[in-house]
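The data block below is run_3.cif; it holds mmCIF, N, CA and C atoms.
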data_start
#
loop_
_atom_site.label_atom_id
_atom_site.label_comp_id
_atom_site.auth_asym_id
_atom_site.auth_seq_id
_atom_site.Cartn_x
_atom_site.Cartn_y
_atom_site.Cartn_z
N MET A 1 -5.94 50.34 -5.66
CA MET A 1 -6.93 49.28 -5.65
C MET A 1 -8.29 49.89 -5.99
N THR A 2 -9.10 49.16 -6.71
CA THR A 2 -10.42 49.65 -7.10
C THR A 2 -11.43 49.47 -5.96
N LEU A 3 -12.56 50.15 -6.08
CA LEU A 3 -13.64 49.98 -5.12
C LEU A 3 -14.12 48.54 -5.09
N THR A 4 -14.23 47.92 -6.26
CA THR A 4 -14.69 46.53 -6.33
C THR A 4 -13.76 45.60 -5.57
N THR A 5 -12.47 45.73 -5.81
CA THR A 5 -11.50 44.87 -5.13
C THR A 5 -11.51 45.13 -3.62
N ALA A 6 -11.60 46.39 -3.22
CA ALA A 6 -11.64 46.72 -1.79
C ALA A 6 -12.87 46.11 -1.13
N ALA A 7 -14.01 46.15 -1.81
CA ALA A 7 -15.23 45.56 -1.25
C ALA A 7 -15.10 44.05 -1.11
N VAL A 8 -14.48 43.40 -2.08
CA VAL A 8 -14.25 41.96 -1.97
C VAL A 8 -13.35 41.67 -0.77
N VAL A 9 -12.28 42.44 -0.62
CA VAL A 9 -11.35 42.24 0.50
C VAL A 9 -12.08 42.39 1.84
N LEU A 10 -12.94 43.40 1.95
CA LEU A 10 -13.63 43.64 3.22
C LEU A 10 -14.77 42.68 3.49
N PHE A 11 -15.58 42.38 2.49
CA PHE A 11 -16.81 41.65 2.73
C PHE A 11 -16.71 40.14 2.54
N CYS A 12 -15.67 39.66 1.90
CA CYS A 12 -15.57 38.21 1.66
C CYS A 12 -14.52 37.53 2.53
N ARG A 13 -14.01 38.22 3.50
CA ARG A 13 -12.95 37.67 4.34
C ARG A 13 -13.39 36.46 5.16
N TRP A 14 -14.61 36.47 5.65
CA TRP A 14 -15.03 35.44 6.60
C TRP A 14 -15.63 34.21 5.94
N THR A 15 -15.57 34.12 4.65
CA THR A 15 -16.13 32.97 3.95
C THR A 15 -15.26 31.75 4.21
N ALA A 16 -15.90 30.68 4.69
CA ALA A 16 -15.16 29.51 5.16
C ALA A 16 -14.63 28.62 4.04
N SER A 17 -15.39 28.46 2.98
CA SER A 17 -14.99 27.52 1.93
C SER A 17 -14.58 28.26 0.66
N VAL A 18 -13.89 27.54 -0.21
CA VAL A 18 -13.51 28.10 -1.50
C VAL A 18 -14.75 28.43 -2.32
N GLU A 19 -15.73 27.52 -2.30
CA GLU A 19 -16.98 27.76 -3.03
C GLU A 19 -17.69 28.99 -2.50
N GLY A 20 -17.73 29.11 -1.17
CA GLY A 20 -18.37 30.27 -0.55
C GLY A 20 -17.66 31.56 -0.90
N HIS A 21 -16.34 31.52 -0.91
CA HIS A 21 -15.57 32.72 -1.25
C HIS A 21 -15.82 33.12 -2.71
N THR A 22 -15.86 32.14 -3.58
CA THR A 22 -16.12 32.41 -4.99
C THR A 22 -17.50 33.02 -5.18
N ARG A 23 -18.50 32.46 -4.48
CA ARG A 23 -19.86 32.98 -4.56
C ARG A 23 -19.91 34.41 -4.01
N CYS A 24 -19.24 34.64 -2.90
CA CYS A 24 -19.18 35.96 -2.29
C CYS A 24 -18.52 36.96 -3.24
N GLU A 25 -17.39 36.59 -3.79
CA GLU A 25 -16.65 37.48 -4.68
C GLU A 25 -17.49 37.83 -5.92
N THR A 26 -18.17 36.86 -6.48
CA THR A 26 -19.01 37.11 -7.65
C THR A 26 -20.15 38.06 -7.30
N ALA A 27 -20.81 37.84 -6.16
CA ALA A 27 -21.92 38.69 -5.74
C ALA A 27 -21.45 40.12 -5.50
N VAL A 28 -20.32 40.28 -4.80
CA VAL A 28 -19.82 41.62 -4.49
C VAL A 28 -19.38 42.33 -5.77
N ARG A 29 -18.68 41.64 -6.66
CA ARG A 29 -18.23 42.27 -7.90
C ARG A 29 -19.43 42.75 -8.74
N THR A 30 -20.44 41.92 -8.83
CA THR A 30 -21.64 42.29 -9.59
C THR A 30 -22.33 43.49 -8.96
N THR A 31 -22.49 43.45 -7.65
CA THR A 31 -23.16 44.53 -6.93
C THR A 31 -22.40 45.83 -7.04
N VAL A 32 -21.10 45.81 -6.83
CA VAL A 32 -20.32 47.05 -6.85
C VAL A 32 -20.26 47.64 -8.27
N THR A 33 -20.23 46.80 -9.28
CA THR A 33 -20.28 47.31 -10.65
C THR A 33 -21.58 48.07 -10.87
N ARG A 34 -22.69 47.53 -10.38
CA ARG A 34 -23.98 48.21 -10.49
C ARG A 34 -24.01 49.49 -9.67
N ILE A 35 -23.41 49.43 -8.47
CA ILE A 35 -23.34 50.61 -7.60
C ILE A 35 -22.57 51.74 -8.30
N GLU A 36 -21.44 51.41 -8.89
CA GLU A 36 -20.64 52.44 -9.57
C GLU A 36 -21.43 53.06 -10.73
N ARG A 37 -22.13 52.23 -11.46
CA ARG A 37 -22.93 52.73 -12.60
C ARG A 37 -24.03 53.66 -12.12
N GLU A 38 -24.79 53.26 -11.13
CA GLU A 38 -25.91 54.07 -10.64
C GLU A 38 -25.42 55.32 -9.90
N ALA A 39 -24.30 55.22 -9.22
CA ALA A 39 -23.74 56.40 -8.55
C ALA A 39 -23.40 57.47 -9.57
N ALA A 40 -22.84 57.06 -10.68
CA ALA A 40 -22.50 58.02 -11.74
C ALA A 40 -23.76 58.64 -12.34
N VAL A 41 -24.79 57.84 -12.55
CA VAL A 41 -26.04 58.34 -13.12
C VAL A 41 -26.68 59.39 -12.21
N HIS A 42 -26.65 59.14 -10.89
CA HIS A 42 -27.36 60.00 -9.94
C HIS A 42 -26.45 61.02 -9.25
N GLY A 43 -25.16 60.99 -9.55
CA GLY A 43 -24.26 61.99 -8.99
C GLY A 43 -23.96 61.82 -7.51
N VAL A 44 -23.93 60.58 -7.04
CA VAL A 44 -23.56 60.33 -5.65
C VAL A 44 -22.20 59.64 -5.60
N ASP A 45 -21.57 59.74 -4.46
CA ASP A 45 -20.26 59.12 -4.25
C ASP A 45 -20.42 57.59 -4.25
N PRO A 46 -19.73 56.89 -5.16
CA PRO A 46 -19.89 55.43 -5.21
C PRO A 46 -19.39 54.73 -3.95
N VAL A 47 -18.39 55.29 -3.29
CA VAL A 47 -17.89 54.67 -2.06
C VAL A 47 -18.94 54.80 -0.96
N ARG A 48 -19.59 55.96 -0.88
CA ARG A 48 -20.66 56.15 0.11
C ARG A 48 -21.81 55.20 -0.17
N LEU A 49 -22.21 55.08 -1.43
CA LEU A 49 -23.30 54.17 -1.79
C LEU A 49 -22.91 52.72 -1.49
N ALA A 50 -21.68 52.35 -1.77
CA ALA A 50 -21.22 50.99 -1.45
C ALA A 50 -21.22 50.76 0.05
N ALA A 51 -20.91 51.79 0.83
CA ALA A 51 -20.93 51.66 2.29
C ALA A 51 -22.35 51.46 2.81
N VAL A 52 -23.30 52.20 2.24
CA VAL A 52 -24.71 52.03 2.64
C VAL A 52 -25.15 50.61 2.32
N CYS A 53 -24.88 50.16 1.10
CA CYS A 53 -25.27 48.80 0.71
C CYS A 53 -24.46 47.77 1.50
N GLY A 54 -23.24 48.13 1.86
CA GLY A 54 -22.40 47.23 2.65
C GLY A 54 -22.97 46.99 4.03
N ILE A 55 -23.47 48.03 4.66
CA ILE A 55 -24.04 47.84 5.99
C ILE A 55 -25.35 47.06 5.92
N GLU A 56 -26.05 47.19 4.81
CA GLU A 56 -27.33 46.49 4.65
C GLU A 56 -27.16 45.02 4.26
N SER A 57 -26.16 44.72 3.40
CA SER A 57 -26.08 43.34 2.89
C SER A 57 -24.65 42.88 2.59
N ARG A 58 -23.64 43.59 3.11
CA ARG A 58 -22.25 43.30 2.74
C ARG A 58 -22.10 43.34 1.21
N ASP A 59 -22.70 44.36 0.59
CA ASP A 59 -22.67 44.57 -0.86
C ASP A 59 -23.07 43.31 -1.64
N GLY A 60 -24.12 42.68 -1.19
CA GLY A 60 -24.66 41.52 -1.88
C GLY A 60 -24.10 40.19 -1.42
N ALA A 61 -23.13 40.21 -0.51
CA ALA A 61 -22.49 38.97 -0.07
C ALA A 61 -23.33 38.21 0.95
N SER A 62 -24.18 38.90 1.68
CA SER A 62 -24.98 38.25 2.72
C SER A 62 -26.11 37.45 2.08
N LEU A 63 -26.15 36.18 2.41
CA LEU A 63 -27.22 35.33 1.88
C LEU A 63 -28.53 35.58 2.62
N ARG A 64 -28.46 36.22 3.80
CA ARG A 64 -29.66 36.48 4.59
C ARG A 64 -30.33 37.80 4.24
N ALA A 65 -29.64 38.68 3.55
CA ALA A 65 -30.20 39.99 3.23
C ALA A 65 -31.37 39.85 2.26
N VAL A 66 -32.44 40.54 2.55
CA VAL A 66 -33.62 40.49 1.69
C VAL A 66 -33.45 41.43 0.51
N SER A 67 -32.81 42.59 0.75
CA SER A 67 -32.61 43.60 -0.29
C SER A 67 -31.16 44.05 -0.26
N VAL A 68 -30.53 44.16 -1.42
CA VAL A 68 -29.11 44.49 -1.51
C VAL A 68 -28.76 45.75 -0.73
N CYS A 69 -29.56 46.78 -0.85
CA CYS A 69 -29.28 48.05 -0.17
C CYS A 69 -30.30 48.35 0.92
N GLY A 70 -31.06 47.35 1.32
CA GLY A 70 -32.06 47.55 2.36
C GLY A 70 -33.23 48.40 1.92
N VAL A 71 -33.50 48.45 0.62
CA VAL A 71 -34.52 49.33 0.07
C VAL A 71 -35.91 48.73 0.27
N ARG A 72 -36.81 49.60 0.73
CA ARG A 72 -38.21 49.23 0.84
C ARG A 72 -39.06 50.22 0.06
N VAL A 73 -40.10 49.71 -0.55
CA VAL A 73 -41.12 50.56 -1.15
C VAL A 73 -42.39 50.22 -0.40
N GLY A 74 -42.93 51.22 0.29
CA GLY A 74 -44.00 50.95 1.23
C GLY A 74 -43.40 50.15 2.37
N HIS A 75 -43.96 49.00 2.64
CA HIS A 75 -43.41 48.15 3.69
C HIS A 75 -42.74 46.90 3.14
N ALA A 76 -42.63 46.81 1.82
CA ALA A 76 -42.05 45.62 1.19
C ALA A 76 -40.63 45.90 0.71
N TYR A 77 -39.73 44.98 1.01
CA TYR A 77 -38.36 45.09 0.52
C TYR A 77 -38.31 44.90 -0.99
N VAL A 78 -37.43 45.64 -1.64
CA VAL A 78 -37.20 45.50 -3.07
C VAL A 78 -36.17 44.38 -3.25
N ARG A 79 -36.61 43.26 -3.76
CA ARG A 79 -35.73 42.09 -3.87
C ARG A 79 -34.85 42.10 -5.12
N ASP A 80 -35.26 42.82 -6.14
CA ASP A 80 -34.48 42.91 -7.37
C ASP A 80 -33.26 43.79 -7.11
N PRO A 81 -32.04 43.24 -7.18
CA PRO A 81 -30.86 44.03 -6.85
C PRO A 81 -30.63 45.23 -7.75
N VAL A 82 -30.92 45.10 -9.03
CA VAL A 82 -30.73 46.23 -9.95
C VAL A 82 -31.65 47.38 -9.54
N ARG A 83 -32.90 47.08 -9.31
CA ARG A 83 -33.87 48.11 -8.92
C ARG A 83 -33.53 48.69 -7.55
N ALA A 84 -33.12 47.86 -6.62
CA ALA A 84 -32.77 48.33 -5.27
C ALA A 84 -31.61 49.33 -5.32
N ILE A 85 -30.61 49.05 -6.12
CA ILE A 85 -29.46 49.95 -6.24
C ILE A 85 -29.87 51.25 -6.92
N GLN A 86 -30.72 51.16 -7.93
CA GLN A 86 -31.23 52.38 -8.58
C GLN A 86 -31.97 53.27 -7.58
N ILE A 87 -32.84 52.67 -6.81
CA ILE A 87 -33.62 53.42 -5.82
C ILE A 87 -32.70 54.00 -4.75
N ALA A 88 -31.73 53.21 -4.29
CA ALA A 88 -30.80 53.69 -3.26
C ALA A 88 -30.01 54.90 -3.75
N ALA A 89 -29.49 54.83 -4.97
CA ALA A 89 -28.71 55.94 -5.52
C ALA A 89 -29.59 57.18 -5.71
N HIS A 90 -30.77 56.99 -6.25
CA HIS A 90 -31.70 58.10 -6.44
C HIS A 90 -32.06 58.73 -5.09
N SER A 91 -32.35 57.91 -4.10
CA SER A 91 -32.73 58.40 -2.78
C SER A 91 -31.60 59.17 -2.12
N LEU A 92 -30.39 58.63 -2.15
CA LEU A 92 -29.27 59.35 -1.55
C LEU A 92 -29.05 60.71 -2.23
N ALA A 93 -29.14 60.74 -3.55
CA ALA A 93 -28.95 62.01 -4.27
C ALA A 93 -30.02 63.02 -3.84
N ARG A 94 -31.24 62.59 -3.77
CA ARG A 94 -32.34 63.48 -3.37
C ARG A 94 -32.15 63.98 -1.95
N TRP A 95 -31.79 63.08 -1.04
CA TRP A 95 -31.67 63.47 0.36
C TRP A 95 -30.41 64.28 0.64
N GLU A 96 -29.39 64.12 -0.19
CA GLU A 96 -28.21 65.00 -0.05
C GLU A 96 -28.63 66.44 -0.34
N ARG A 97 -29.49 66.62 -1.34
CA ARG A 97 -29.98 67.97 -1.66
C ARG A 97 -30.90 68.48 -0.55
N GLU A 98 -31.82 67.65 -0.09
CA GLU A 98 -32.79 68.07 0.93
C GLU A 98 -32.14 68.34 2.28
N CYS A 99 -31.19 67.50 2.66
CA CYS A 99 -30.57 67.61 3.99
C CYS A 99 -29.34 68.52 3.99
N HIS A 100 -28.88 68.93 2.81
CA HIS A 100 -27.70 69.80 2.67
C HIS A 100 -26.45 69.18 3.30
N SER A 101 -26.39 67.85 3.33
CA SER A 101 -25.25 67.16 3.94
C SER A 101 -25.26 65.70 3.51
N ARG A 102 -24.09 65.20 3.13
CA ARG A 102 -24.00 63.79 2.75
C ARG A 102 -24.24 62.89 3.96
N ASP A 103 -23.71 63.27 5.12
CA ASP A 103 -23.88 62.45 6.32
C ASP A 103 -25.34 62.43 6.77
N ARG A 104 -25.98 63.58 6.75
CA ARG A 104 -27.38 63.64 7.15
C ARG A 104 -28.27 62.89 6.17
N ALA A 105 -27.87 62.86 4.90
CA ALA A 105 -28.64 62.10 3.91
C ALA A 105 -28.65 60.61 4.25
N VAL A 106 -27.57 60.12 4.84
CA VAL A 106 -27.53 58.71 5.26
C VAL A 106 -28.53 58.47 6.39
N GLY A 107 -28.63 59.42 7.31
CA GLY A 107 -29.64 59.31 8.37
C GLY A 107 -31.04 59.29 7.80
N ARG A 108 -31.28 60.13 6.80
CA ARG A 108 -32.59 60.17 6.14
C ARG A 108 -32.85 58.87 5.40
N TYR A 109 -31.82 58.31 4.78
CA TYR A 109 -31.94 57.03 4.08
C TYR A 109 -32.45 55.96 5.03
N HIS A 110 -31.96 56.01 6.27
CA HIS A 110 -32.33 55.01 7.28
C HIS A 110 -33.66 55.33 7.95
N GLY A 111 -34.30 56.43 7.56
CA GLY A 111 -35.60 56.78 8.11
C GLY A 111 -35.53 57.58 9.39
N GLU A 112 -34.39 58.20 9.65
CA GLU A 112 -34.21 58.94 10.90
C GLU A 112 -34.35 60.45 10.71
N GLY A 113 -34.76 60.89 9.55
CA GLY A 113 -34.77 62.31 9.26
C GLY A 113 -33.35 62.76 8.94
N CYS A 114 -33.18 64.04 8.78
CA CYS A 114 -31.86 64.58 8.41
C CYS A 114 -30.97 64.68 9.64
N ARG A 115 -30.60 63.54 10.21
CA ARG A 115 -29.73 63.48 11.38
C ARG A 115 -28.47 62.73 11.01
N ALA A 116 -27.36 63.13 11.62
CA ALA A 116 -26.09 62.51 11.26
C ALA A 116 -25.44 61.76 12.41
N GLY A 117 -26.00 61.77 13.60
CA GLY A 117 -25.29 61.21 14.75
C GLY A 117 -25.68 59.81 15.17
N SER A 118 -26.52 59.13 14.43
CA SER A 118 -27.00 57.81 14.86
C SER A 118 -25.95 56.73 14.68
N SER A 119 -26.19 55.60 15.32
CA SER A 119 -25.27 54.47 15.18
C SER A 119 -25.26 53.95 13.75
N TYR A 120 -26.39 54.05 13.04
CA TYR A 120 -26.44 53.62 11.64
C TYR A 120 -25.51 54.48 10.80
N VAL A 121 -25.59 55.79 10.96
CA VAL A 121 -24.73 56.70 10.19
C VAL A 121 -23.27 56.44 10.53
N ARG A 122 -22.97 56.28 11.81
CA ARG A 122 -21.57 55.98 12.21
C ARG A 122 -21.10 54.68 11.59
N GLY A 123 -21.97 53.68 11.51
CA GLY A 123 -21.61 52.41 10.89
C GLY A 123 -21.30 52.56 9.41
N VAL A 124 -22.13 53.34 8.70
CA VAL A 124 -21.89 53.59 7.27
C VAL A 124 -20.56 54.33 7.09
N LEU A 125 -20.32 55.35 7.92
CA LEU A 125 -19.08 56.12 7.80
C LEU A 125 -17.86 55.26 8.10
N THR A 126 -17.98 54.33 9.02
CA THR A 126 -16.87 53.41 9.33
C THR A 126 -16.57 52.53 8.12
N ILE A 127 -17.60 51.96 7.51
CA ILE A 127 -17.39 51.13 6.33
C ILE A 127 -16.79 51.96 5.20
N GLU A 128 -17.29 53.19 5.03
CA GLU A 128 -16.76 54.06 3.99
C GLU A 128 -15.26 54.33 4.22
N ARG A 129 -14.88 54.65 5.46
CA ARG A 129 -13.46 54.88 5.76
C ARG A 129 -12.62 53.64 5.49
N ARG A 130 -13.15 52.48 5.85
CA ARG A 130 -12.41 51.23 5.62
C ARG A 130 -12.26 50.94 4.14
N LEU A 131 -13.29 51.20 3.35
CA LEU A 131 -13.19 51.02 1.90
C LEU A 131 -12.14 51.96 1.32
N ARG A 132 -12.19 53.23 1.71
CA ARG A 132 -11.22 54.21 1.19
C ARG A 132 -9.79 53.86 1.61
N CYS A 133 -9.61 53.43 2.84
CA CYS A 133 -8.29 53.03 3.33
C CYS A 133 -7.77 51.82 2.56
N THR A 134 -8.63 50.83 2.36
CA THR A 134 -8.24 49.63 1.61
C THR A 134 -7.89 49.99 0.17
N MET A 135 -8.65 50.89 -0.44
CA MET A 135 -8.35 51.33 -1.80
C MET A 135 -7.00 52.03 -1.86
N ALA A 136 -6.70 52.85 -0.85
CA ALA A 136 -5.47 53.64 -0.85
C ALA A 136 -4.23 52.81 -0.52
N THR A 137 -4.37 51.86 0.40
CA THR A 137 -3.19 51.12 0.87
C THR A 137 -2.99 49.78 0.18
N GLY A 138 -4.06 49.24 -0.41
CA GLY A 138 -3.96 47.94 -1.05
C GLY A 138 -4.00 46.79 -0.07
N ARG A 139 -4.38 47.09 1.17
CA ARG A 139 -4.53 46.02 2.19
C ARG A 139 -5.79 46.27 2.98
N ARG A 140 -6.28 45.23 3.63
CA ARG A 140 -7.51 45.33 4.41
C ARG A 140 -7.32 46.28 5.59
N CYS A 141 -8.21 47.22 5.74
CA CYS A 141 -8.15 48.18 6.85
C CYS A 141 -9.27 47.92 7.83
#

Just give me the structure as structure tokens.
Amino acid sequence: MTLTTAAVVLFCRWTASVEGHTRCETAVRTTVTRIEREAAVHGVDPVRLAAVCGIESRDGASLRAVSVCGVRVGHAYVRDPVRAIQIAAHSLARWERECHSRDRAVGRYHGEGCRAGSSYVRGVLTIERRLRCTMATGRRC
């Protein structure tokens, strides 16, 4: 199963209506396609980037999310999804180098410094494991 399909399986499950599910599926497919593209450009793991964006906005499925990947510039959220994903991928790549750890880079992404033990980091790692499991087994994990 692809990352895109796994993200749809995980993030669109709770949609009550057919219209809502279709809207969710379209948003997640578009977002994950962009995530895969930017991950390749910046040399970051696309599953990790999808997990970060997943915790922030269910990979674009959340109608309440202000920014697809929770990206802020200054104190303002970046509302443009393309730009937000670009910034998220660039930031993760930079912080992986600075923190010498993929897990610690997630802590830095969340503004916690190069720490890996926070509930935010654990949440991202849980989503990442679930995406990888769903991709490997072909069923929701």

Which of these residues is nearest to A:His100, using all atoms listed in the file: A:Pro46, A:Thr134, A:Cys114, A:Gly54?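 That would be A:Cys114, the residue with the smallest distance to A:His100.
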
Show me, as a VMD selection string, the residues that have an atom within 12 Å of A:Ser101 when counting only C-alpha atoms, minus same-chain residues fewer than 3 positions from it. chain A and resid 44 92 to 98 104 to 108 113 to 116

Could you tell me, as a ChimeraX atom specification, which residues of stretch 30-131 of chain A DSSP assigns to alpha helix (DSSP H) when given the backbone? /A:30-42,46-57,81-99,102-109,119-131

Coordinates-based distance that separates atom CA of A:Ile55 from atom CA of A:Thr2 (Å, one decimal): 19.0 Å

Which residues are close to A:Arg79, i.e. within 6 Å by only N, CA and C atoms, leaving aside same-chain residues fewer than 2 positions away? Reply as a list in words.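 Everything that qualifies: Val66, Ser67, Tyr77 and Pro81 of chain A.
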
Residue subset to file, keeping N, CA and C atoms, as an mmCIF file, keeping the file's coordinate frame:
data_model
loop_
_atom_site.group_PDB
_atom_site.id
_atom_site.type_symbol
_atom_site.label_atom_id
_atom_site.label_comp_id
_atom_site.auth_asym_id
_atom_site.auth_seq_id
_atom_site.Cartn_x
_atom_site.Cartn_y
_atom_site.Cartn_z
ATOM 1 N N VAL A 66 -32.440 40.540 2.550
ATOM 2 C CA VAL A 66 -33.620 40.490 1.690
ATOM 3 C C VAL A 66 -33.450 41.430 0.510
ATOM 4 N N SER A 67 -32.810 42.590 0.750
ATOM 5 C CA SER A 67 -32.610 43.600 -0.290
ATOM 6 C C SER A 67 -31.160 44.050 -0.260
ATOM 7 N N TYR A 77 -39.730 44.980 1.010
ATOM 8 C CA TYR A 77 -38.360 45.090 0.520
ATOM 9 C C TYR A 77 -38.310 44.900 -0.990
ATOM 10 N N PRO A 81 -32.040 43.240 -7.180
ATOM 11 C CA PRO A 81 -30.860 44.030 -6.850
ATOM 12 C C PRO A 81 -30.630 45.230 -7.750
#

Determine, counting only C-alpha atoms, which protein, DNA and RNA residues have an atom within 7 Å of an atom of A:Cys24; residues of the same chain fewer than 3 positions away are not included. Present the result as a list in words.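 Residues meeting the cut-off are Cys12, Gly20, His21, Ala27, Val28 and Ala61 of chain A.
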
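Every residue of chain A with a DSSP assignment of strand (DSSP E), taken from the backbone, is listed as Arg72, Val73, Ala76 and Tyr77 of chain A.
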
Selection to disk with N, CA and C atoms, as an mmCIF file, keeping the file's coordinate frame:
data_model
loop_
_atom_site.group_PDB
_atom_site.id
_atom_site.type_symbol
_atom_site.label_atom_id
_atom_site.label_comp_id
_atom_site.auth_asym_id
_atom_site.auth_seq_id
_atom_site.Cartn_x
_atom_site.Cartn_y
_atom_site.Cartn_z
ATOM 1 N N ARG A 72 -36.810 49.600 0.730
ATOM 2 C CA ARG A 72 -38.210 49.230 0.840
ATOM 3 C C ARG A 72 -39.060 50.220 0.060
ATOM 4 N N VAL A 73 -40.100 49.710 -0.550
ATOM 5 C CA VAL A 73 -41.120 50.560 -1.150
ATOM 6 C C VAL A 73 -42.390 50.220 -0.400
ATOM 7 N N ALA A 76 -42.630 46.810 1.820
ATOM 8 C CA ALA A 76 -42.050 45.620 1.190
ATOM 9 C C ALA A 76 -40.630 45.900 0.710
ATOM 10 N N TYR A 77 -39.730 44.980 1.010
ATOM 11 C CA TYR A 77 -38.360 45.090 0.520
ATOM 12 C C TYR A 77 -38.310 44.900 -0.990
#

Could you state which residues are captured by the PyMOL selection byres (((chain A and resi 9 and name CA) around 10) and name CA) in this file, as JSON, numbers by chain? {"A": [3, 4, 5, 6, 7, 8, 10, 11, 12, 13, 14, 25, 28, 131, 134, 135, 138, 139, 140, 141]}

For those residues, write N, CA and C atoms to a file as a compact mmCIF listing (two decimals), in the frame of the given file.
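Written output follows (again01.txt):
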# COMPACT_ATOMS: atom_id res chain seq x y z
N LEU A 3 -12.56 50.15 -6.08
CA LEU A 3 -13.64 49.98 -5.12
C LEU A 3 -14.12 48.54 -5.09
N THR A 4 -14.23 47.92 -6.26
CA THR A 4 -14.69 46.53 -6.33
C THR A 4 -13.76 45.60 -5.57
N THR A 5 -12.47 45.73 -5.81
CA THR A 5 -11.50 44.87 -5.13
C THR A 5 -11.51 45.13 -3.62
N ALA A 6 -11.60 46.39 -3.22
CA ALA A 6 -11.64 46.72 -1.79
C ALA A 6 -12.87 46.11 -1.13
N ALA A 7 -14.01 46.15 -1.81
CA ALA A 7 -15.23 45.56 -1.25
C ALA A 7 -15.10 44.05 -1.11
N VAL A 8 -14.48 43.40 -2.08
CA VAL A 8 -14.25 41.96 -1.97
C VAL A 8 -13.35 41.67 -0.77
N LEU A 10 -12.94 43.40 1.95
CA LEU A 10 -13.63 43.64 3.22
C LEU A 10 -14.77 42.68 3.49
N PHE A 11 -15.58 42.38 2.49
CA PHE A 11 -16.81 41.65 2.73
C PHE A 11 -16.71 40.14 2.54
N CYS A 12 -15.67 39.66 1.90
CA CYS A 12 -15.57 38.21 1.66
C CYS A 12 -14.52 37.53 2.53
N ARG A 13 -14.01 38.22 3.50
CA ARG A 13 -12.95 37.67 4.34
C ARG A 13 -13.39 36.46 5.16
N TRP A 14 -14.61 36.47 5.65
CA TRP A 14 -15.03 35.44 6.60
C TRP A 14 -15.63 34.21 5.94
N GLU A 25 -17.39 36.59 -3.79
CA GLU A 25 -16.65 37.48 -4.68
C GLU A 25 -17.49 37.83 -5.92
N VAL A 28 -20.32 40.28 -4.80
CA VAL A 28 -19.82 41.62 -4.49
C VAL A 28 -19.38 42.33 -5.77
N LEU A 131 -13.29 51.20 3.35
CA LEU A 131 -13.19 51.02 1.90
C LEU A 131 -12.14 51.96 1.32
N THR A 134 -8.63 50.83 2.36
CA THR A 134 -8.24 49.63 1.61
C THR A 134 -7.89 49.99 0.17
N MET A 135 -8.65 50.89 -0.44
CA MET A 135 -8.35 51.33 -1.80
C MET A 135 -7.00 52.03 -1.86
N GLY A 138 -4.06 49.24 -0.41
CA GLY A 138 -3.96 47.94 -1.05
C GLY A 138 -4.00 46.79 -0.07
N ARG A 139 -4.38 47.09 1.17
CA ARG A 139 -4.53 46.02 2.19
C ARG A 139 -5.79 46.27 2.98
N ARG A 140 -6.28 45.23 3.63
CA ARG A 140 -7.51 45.33 4.41
C ARG A 140 -7.32 46.28 5.59
N CYS A 141 -8.21 47.22 5.74
CA CYS A 141 -8.15 48.18 6.85
C CYS A 141 -9.27 47.92 7.83

Expected selection from the PyMOL selection byres (((chain A and resi 122 and name CA) around 12) and name CA), given as a short mmCIF file (atom, residue, chain, number, x, y, z; two decimals) with N, CA and C atoms, in the frame of the given file:
data_model
loop_
_atom_site.label_atom_id
_atom_site.label_comp_id
_atom_site.auth_asym_id
_atom_site.auth_seq_id
_atom_site.Cartn_x
_atom_site.Cartn_y
_atom_site.Cartn_z
N ALA A 51 -20.91 51.79 0.83
CA ALA A 51 -20.93 51.66 2.29
C ALA A 51 -22.35 51.46 2.81
N VAL A 52 -23.30 52.20 2.24
CA VAL A 52 -24.71 52.03 2.64
C VAL A 52 -25.15 50.61 2.32
N ILE A 55 -23.47 48.03 4.66
CA ILE A 55 -24.04 47.84 5.99
C ILE A 55 -25.35 47.06 5.92
N ASP A 103 -23.71 63.27 5.12
CA ASP A 103 -23.88 62.45 6.32
C ASP A 103 -25.34 62.43 6.77
N ARG A 104 -25.98 63.58 6.75
CA ARG A 104 -27.38 63.64 7.15
C ARG A 104 -28.27 62.89 6.17
N VAL A 106 -27.57 60.12 4.84
CA VAL A 106 -27.53 58.71 5.26
C VAL A 106 -28.53 58.47 6.39
N GLY A 107 -28.63 59.42 7.31
CA GLY A 107 -29.64 59.31 8.37
C GLY A 107 -31.04 59.29 7.80
N HIS A 110 -31.96 56.01 6.27
CA HIS A 110 -32.33 55.01 7.28
C HIS A 110 -33.66 55.33 7.95
N ARG A 115 -30.60 63.54 10.21
CA ARG A 115 -29.73 63.48 11.38
C ARG A 115 -28.47 62.73 11.01
N ALA A 116 -27.36 63.13 11.62
CA ALA A 116 -26.09 62.51 11.26
C ALA A 116 -25.44 61.76 12.41
N GLY A 117 -26.00 61.77 13.60
CA GLY A 117 -25.29 61.21 14.75
C GLY A 117 -25.68 59.81 15.17
N SER A 118 -26.52 59.13 14.43
CA SER A 118 -27.00 57.81 14.86
C SER A 118 -25.95 56.73 14.68
N SER A 119 -26.19 55.60 15.32
CA SER A 119 -25.27 54.47 15.18
C SER A 119 -25.26 53.95 13.75
N TYR A 120 -26.39 54.05 13.04
CA TYR A 120 -26.44 53.62 11.64
C TYR A 120 -25.51 54.48 10.80
N VAL A 121 -25.59 55.79 10.96
CA VAL A 121 -24.73 56.70 10.19
C VAL A 121 -23.27 56.44 10.53
N GLY A 123 -21.97 53.68 11.51
CA GLY A 123 -21.61 52.41 10.89
C GLY A 123 -21.30 52.56 9.41
N VAL A 124 -22.13 53.34 8.70
CA VAL A 124 -21.89 53.59 7.27
C VAL A 124 -20.56 54.33 7.09
N LEU A 125 -20.32 55.35 7.92
CA LEU A 125 -19.08 56.12 7.80
C LEU A 125 -17.86 55.26 8.10
N THR A 126 -17.98 54.33 9.02
CA THR A 126 -16.87 53.41 9.33
C THR A 126 -16.57 52.53 8.12
N ILE A 127 -17.60 51.96 7.51
CA ILE A 127 -17.39 51.13 6.33
C ILE A 127 -16.79 51.96 5.20
N GLU A 128 -17.29 53.19 5.03
CA GLU A 128 -16.76 54.06 3.99
C GLU A 128 -15.26 54.33 4.22
N ARG A 129 -14.88 54.65 5.46
CA ARG A 129 -13.46 54.88 5.76
C ARG A 129 -12.62 53.64 5.49
#
